[in-house]
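Worksheet: one structure, shown below.
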Amino acid sequence: MKIGIYINKKKQKLPLVLDVIFELFSMEKNEIIFLNHHNFIEKKYKIDIDQFQTSDSTDYDILIAIGGDGTIMSAIRNQFHLNKPIIGIHVGNLGFLAESDLNDCRSALKQIQDNNYQTQLRSVFNVSIDDKDYIAINDIVIDRGESGRIIRLNVYDRESNVNTYEGDGLIISTANGSTGYSLSAGGPIISPDLNLFTLTPICSHSLMTRSIVLSQESKLSVRFPEGQDKGKLTIDGQTTLDLRDNMNIDIEISKKKVTFILLKESNYYKKLKNKMGWYNPRND
């Protein structure tokens with residue numbers, strides 16, 4: 001078993017997880033491949049990665065992202081072309097995408113070591129912006145940026161007009177991203193293994209405009225009226241582009257999925273209750 005490690009070096013509790021990894025897996029036996037921040041690892045642990053990391057950086061079995069949700073999405077984007085199963089170990093704040101945290105990371109890593117886990121396929125978006133391609137794991141947010149004016153945009157599904165949105169913006173979310181910004185804006189919670197689009201307006205100028213869920217067959221296009229040259233487009237909170245009135249944005253669900261690792265004790269409803277702070281005194 002070889003593991004590929006993708007880290008957020010800014011997380012204070014990161015070394016606690018790395019210590020467990022070094023206990024269970026061996027650099028000498030070429031079981032650990034570090035995918036980023038080599039200088040940090042070498043200085044922190046006083047090792048020469050080039051001496052031990054003899055395998056090609058693509059030669060690993062499981063992708064382990066250590067950090068928060070942003071780290072997990074960065075790891076997926078960075079390694080998407082390799083199609084490796086991924087597990088996130090949460091050492092950040094909310095960590096909804098993570099399957100493990102600091103308290104149970106030893107058990108999680110042992111299950112991985114023993115091949116004792118399940119997998120779940122989750123959809124991502126292929127995003128084409130003026131013929132440049134991106135992937136979105138959670139969402140695409142189109143908003144008015146620093147402008148004080150409302151933004152206006154038209155959304156089409158295979159040339160049919162879905163709606164014209166006016167307000168602070170629009171969130172186009174994967175099922176996996178339904179518990180992110182879309183939820184904060186009033187969107188539904190959706191099981192992450194479903195293949196669909198959710199369109200959630202941000203502070204819509206129309207009281208009747210609500211979230212809409214579209215099928216995996218949809219192919220969305222976003223167009224802007226002439227003169228709409230203010231605003232931002234953000235992918236997964238990490239890639240930001242300025243809007244232009246002649247910008248062409250096309251979105252579809254990728255045929256290629258992301259494989260998330262689920263541990264034996266994984267329970268989606270329990271995760272919702274814990275992460276969302278749901279409380280029912282009748283269950284006490």
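Just so we're on the same page: first chain in the structure tokens is A, next is B, and so on; residues restart at 1 for each chain, and ligands are numbered from 1 in the order they show up.
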- Identify all residues of segment 93-138 of chain A in strand (DSSP E or B) (DSSP on the backbone) and supply them as a PyMOL selection string. chain A and resi 100-101+118-122+125-129+132-136
Residues of segment 14-132 of chain A that approach segment 170-180 of chain A to 9 Å or less, counting only C-alpha atoms: could you list each one with the shortest pair of atoms and its distance in Å to one decimal, rows by chain and increasing residue number, as CSV?
```
residue,atom,partner,partner_atom,distance
A:Phe96,CA,A:Thr179,CA,7.8
A:Leu97,CA,A:Asn176,CA,8.2
A:Arg122,CA,A:Asn176,CA,6.8
A:Ser123,CA,A:Thr174,CA,6.9
A:Val124,CA,A:Thr174,CA,6.5
A:Phe125,CA,A:Thr174,CA,7.2
```
- What does the distance between atom CA of Gly167 of chain A and atom CA of Pro188 of chain A come to in Å, to one decimal place?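 About the pair atom CA of Gly167 of chain A and atom CA of Pro188 of chain A: they are 19.4 Å apart.
Shortest separation to Lys255 of chain A among A:Ile135, A:Leu207, A:Leu199, A:Ala185 occurs at residue A:Ile135, atoms counted being only C-alpha atoms.
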- Task: Give me every alpha helix (DSSP H) residue in segment 136-247 of chain A, going by DSSP on the backbone, as an NGL selection string.
- Result: :A and (181-184)
Write the residues of the preceding selection, restricted to C-alpha atoms, as a compact mmCIF listing (two decimals), in the first residue's frame.
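Saved to out_37.txt:
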```txt
# COMPACT_ATOMS: atom_id res chain seq x y z
CA TYR A 181 -22.35 28.21 0.19
CA SER A 182 -25.54 26.96 -1.47
CA LEU A 183 -26.90 25.83 1.89
CA SER A 184 -26.10 29.21 3.46
```
- Exercise: Lys271 of chain A partners within 12 Å, only C-alpha atoms, chain neighbours under 4 positions left out, as number ranges by chain: A: 94-100, 179, 191, 265-267, 275-278
Expected file contents, prior selection, N, CA and C atoms, as an mmCIF file, in the first residue's frame:
```
data_model
loop_
_atom_site.group_PDB
_atom_site.id
_atom_site.type_symbol
_atom_site.label_atom_id
_atom_site.label_comp_id
_atom_site.auth_asym_id
_atom_site.auth_seq_id
_atom_site.Cartn_x
_atom_site.Cartn_y
_atom_site.Cartn_z
ATOM 1 N N LEU A 94 -14.624 23.452 9.759
ATOM 2 C CA LEU A 94 -15.814 22.611 9.613
ATOM 3 C C LEU A 94 -15.473 21.238 9.057
ATOM 4 N N GLY A 95 -14.766 21.203 7.949
ATOM 5 C CA GLY A 95 -14.296 19.937 7.397
ATOM 6 C C GLY A 95 -15.387 18.981 6.974
ATOM 7 N N PHE A 96 -16.391 19.473 6.232
ATOM 8 C CA PHE A 96 -17.508 18.606 5.885
ATOM 9 C C PHE A 96 -17.123 17.526 4.883
ATOM 10 N N LEU A 97 -16.138 17.789 4.058
ATOM 11 C CA LEU A 97 -15.725 16.797 3.060
ATOM 12 C C LEU A 97 -14.830 15.712 3.645
ATOM 13 N N ALA A 98 -14.314 15.951 4.842
ATOM 14 C CA ALA A 98 -13.369 15.009 5.444
ATOM 15 C C ALA A 98 -14.099 13.798 6.016
ATOM 16 N N GLU A 99 -13.473 12.657 5.910
ATOM 17 C CA GLU A 99 -14.022 11.418 6.448
ATOM 18 C C GLU A 99 -13.455 11.113 7.833
ATOM 19 N N SER A 100 -12.348 11.749 8.172
ATOM 20 C CA SER A 100 -11.671 11.473 9.435
ATOM 21 C C SER A 100 -11.203 12.792 10.045
ATOM 22 N N THR A 179 -23.784 21.354 0.807
ATOM 23 C CA THR A 179 -23.675 21.768 2.206
ATOM 24 C C THR A 179 -22.716 22.942 2.390
ATOM 25 N N SER A 191 -27.834 14.483 -1.031
ATOM 26 C CA SER A 191 -26.896 13.371 -0.860
ATOM 27 C C SER A 191 -25.742 13.515 -1.845
ATOM 28 N N GLU A 265 -17.349 2.889 9.697
ATOM 29 C CA GLU A 265 -18.297 3.530 10.606
ATOM 30 C C GLU A 265 -18.942 4.765 9.989
ATOM 31 N N SER A 266 -18.706 4.997 8.699
ATOM 32 C CA SER A 266 -19.222 6.195 8.041
ATOM 33 C C SER A 266 -20.747 6.216 8.053
ATOM 34 N N ASN A 267 -21.295 7.371 8.430
ATOM 35 C CA ASN A 267 -22.748 7.534 8.488
ATOM 36 C C ASN A 267 -23.077 8.969 8.085
ATOM 37 N N LYS A 275 -22.015 18.032 12.114
ATOM 38 C CA LYS A 275 -21.469 19.218 11.465
ATOM 39 C C LYS A 275 -22.447 20.385 11.484
ATOM 40 N N MET A 276 -23.751 20.077 11.373
ATOM 41 C CA MET A 276 -24.756 21.125 11.313
ATOM 42 C C MET A 276 -25.276 21.541 12.685
ATOM 43 N N GLY A 277 -24.874 20.798 13.717
ATOM 44 C CA GLY A 277 -25.327 21.134 15.063
ATOM 45 C C GLY A 277 -26.794 20.818 15.297
ATOM 46 N N TRP A 278 -27.317 19.819 14.555
ATOM 47 C CA TRP A 278 -28.706 19.435 14.765
ATOM 48 C C TRP A 278 -28.855 18.822 16.151
#
```
- Item | Residue nearest Asp236 of chain A - candidates A:Arg158, A:Lys11, A:Arg77, A:Lys257, atoms counted: only C-alpha atoms | A:Arg77
Which neighbours of Lys132 of chain A fall inside 12 Å, counting only C-alpha atoms, when residues of the same chain fewer than 3 positions from it are skipped, and could you give them as an mmCIF file with N, CA and C atoms, in the first residue's frame?
```
data_model
loop_
_atom_site.group_PDB
_atom_site.id
_atom_site.type_symbol
_atom_site.label_atom_id
_atom_site.label_comp_id
_atom_site.auth_asym_id
_atom_site.auth_seq_id
_atom_site.Cartn_x
_atom_site.Cartn_y
_atom_site.Cartn_z
ATOM 1 N N ASN A 126 -17.354 19.996 -15.227
ATOM 2 C CA ASN A 126 -16.432 20.551 -16.207
ATOM 3 C C ASN A 126 -16.899 21.964 -16.526
ATOM 4 N N VAL A 127 -16.026 22.920 -16.365
ATOM 5 C CA VAL A 127 -16.373 24.319 -16.582
ATOM 6 C C VAL A 127 -15.493 24.865 -17.698
ATOM 7 N N SER A 128 -16.125 25.396 -18.721
ATOM 8 C CA SER A 128 -15.399 26.019 -19.830
ATOM 9 C C SER A 128 -15.711 27.514 -19.830
ATOM 10 N N ILE A 129 -14.682 28.322 -19.678
ATOM 11 C CA ILE A 129 -14.843 29.772 -19.657
ATOM 12 C C ILE A 129 -13.988 30.345 -20.772
ATOM 13 N N ILE A 135 -12.196 22.479 -13.431
ATOM 14 C CA ILE A 135 -13.135 21.570 -12.776
ATOM 15 C C ILE A 135 -13.610 22.234 -11.492
ATOM 16 N N LEU A 241 -12.264 34.887 -11.250
ATOM 17 C CA LEU A 241 -12.120 35.576 -12.530
ATOM 18 C C LEU A 241 -13.047 36.786 -12.557
ATOM 19 N N MET A 247 -18.447 37.272 -21.860
ATOM 20 C CA MET A 247 -17.880 36.018 -21.348
ATOM 21 C C MET A 247 -18.848 34.860 -21.581
ATOM 22 N N ASN A 248 -18.324 33.731 -22.038
ATOM 23 C CA ASN A 248 -19.119 32.516 -22.242
ATOM 24 C C ASN A 248 -18.740 31.486 -21.188
ATOM 25 N N ILE A 249 -19.733 31.052 -20.410
ATOM 26 C CA ILE A 249 -19.503 30.075 -19.339
ATOM 27 C C ILE A 249 -20.372 28.864 -19.625
ATOM 28 N N ASP A 250 -19.754 27.719 -19.815
ATOM 29 C CA ASP A 250 -20.476 26.480 -20.098
ATOM 30 C C ASP A 250 -20.121 25.447 -19.037
ATOM 31 N N ILE A 251 -21.147 24.766 -18.510
ATOM 32 C CA ILE A 251 -20.962 23.854 -17.380
ATOM 33 C C ILE A 251 -21.697 22.553 -17.653
#
```
- Task: Extract, using only C-alpha atoms, all DNA, RNA and protein residues at most 10 Å from Leu18 of chain A, discarding same-chain residues fewer than 4 positions from it, and format them as number ranges by chain.
- Result: A: 5, 7, 13-14, 22-24, 41, 45, 66
- Message: One decimal, in Å: what's the spacing between atom CA of Asn115 of chain A and atom CA of Ile32 of chain A?
- Response: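 Between atom CA of Asn115 of chain A and atom CA of Ile32 of chain A the gap works out to 15.9 Å.
Shortest separation to Phe260 of chain A among A:Thr198, A:Thr209, A:Thr119, A:Ser215 occurs at residue A:Thr119, atoms counted being only C-alpha atoms.
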- Item | Option closest in space to Ser74 of chain A, from A:Leu214, A:Ile235, A:Leu196, A:Val91 [counting only C-alpha atoms] |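 The closest residue to Ser74 of chain A is A:Ile235.
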- Note on the structure: Nearest to Thr164 of chain A, restricted to only C-alpha atoms and choosing among A:Gln238, A:Arg152, A:Leu194, A:Ile253, comes out as A:Arg152
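The two atoms in question, atom CA of Val213 of chain A and atom CA of Phe197 of chain A, are spaced 5.6 Å apart.
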